[in-house]
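Worksheet for the structure shown next.
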Amino acid sequence: MSNAIESVVMAYVQTGQLDVLLDLKAHRERLAASVRDRADFDFGVLLGQLDDDIGIIEAGIRRLRAANEPRLEIDR
């Protein structure tokens, strides 16, 4: 699944859609929180995948923010 989320994140980074990436990350975090406290089933694999997805999304957010930061020119 990480290849799929990587492709999705790359598309959003290329099109500059920071708000969508933030929503995607928040959604994954809500999903993780909803299953983290459940004791009726072992959601370890799902939580691992959600954590991986969140990491990929965060990398995309950082990349997009870095691309949008104003560059400081240093006089020499």
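Convention: chains lettered A, B, ... in structure tokens order; per-chain residue numbering from 1; ligands numbered from 1 as shown.
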
### Task
Considering only C-alpha atoms, return as JSON, numbers by chain whatever protein or nucleic-acid residues lie within 9 Å of A:Ala32, sequence-local ones (same chain, fewer than 3 positions apart) excluded.
{"A": [27, 28, 29, 35, 36, 46, 47, 50, 51]}

### Query
chain A: which residues are helix (DSSP H, G or I) by DSSP, as a ChimeraX atom specification?
/A:2-14,18-36,44-68

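Computed from the coordinates, the atom CA of A:Arg63 to atom CA of A:Ala33 distance equals 25.5 Å.
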
### Task
In Å, rounded to a single decimal, give me how far atom CA of A:Asp23 is from atom CA of A:Met10.
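So the two atoms, atom CA of A:Met10 and atom CA of A:Asp23, lie 15.0 Å apart.
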
Just want the 8 Å neighbourhood of A:Leu21, counted on only C-alpha atoms, with same-chain residues fewer than 5 positions away dropped. Output as a PDB file with C-alpha atoms, in the first residue's frame.
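Everything below was put into around_14.pdb:
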ATOM      1  CA  VAL A   9       1.342  12.197  -2.017  1.00  0.00           C
ATOM      2  CA  TYR A  12      -0.452  16.409  -4.311  1.00  0.00           C
ATOM      3  CA  ILE A  57       2.470  12.139   4.072  1.00  0.00           C
ATOM      4  CA  GLY A  60       5.381  15.270   1.390  1.00  0.00           C
ATOM      5  CA  ILE A  61       4.197  18.106   3.619  1.00  0.00           C
TER       6      ILE A  61
END

### Task
Measure the distance from atom CA of A:Arg38 to atom CA of A:Leu22 in Å and round it to one decimal.
25.4 Å

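Counting only C-alpha atoms and comparing A:Leu64, A:Asp53, A:Glu69, A:Ala39, the residue that lies closest to A:Thr15 is A:Leu64.
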
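Residue nearest A:Leu31 within the list A:Glu6, A:Gln17, A:Ala67, A:Phe43: A:Phe43 [criterion: smallest interatomic distance, only C-alpha atoms].
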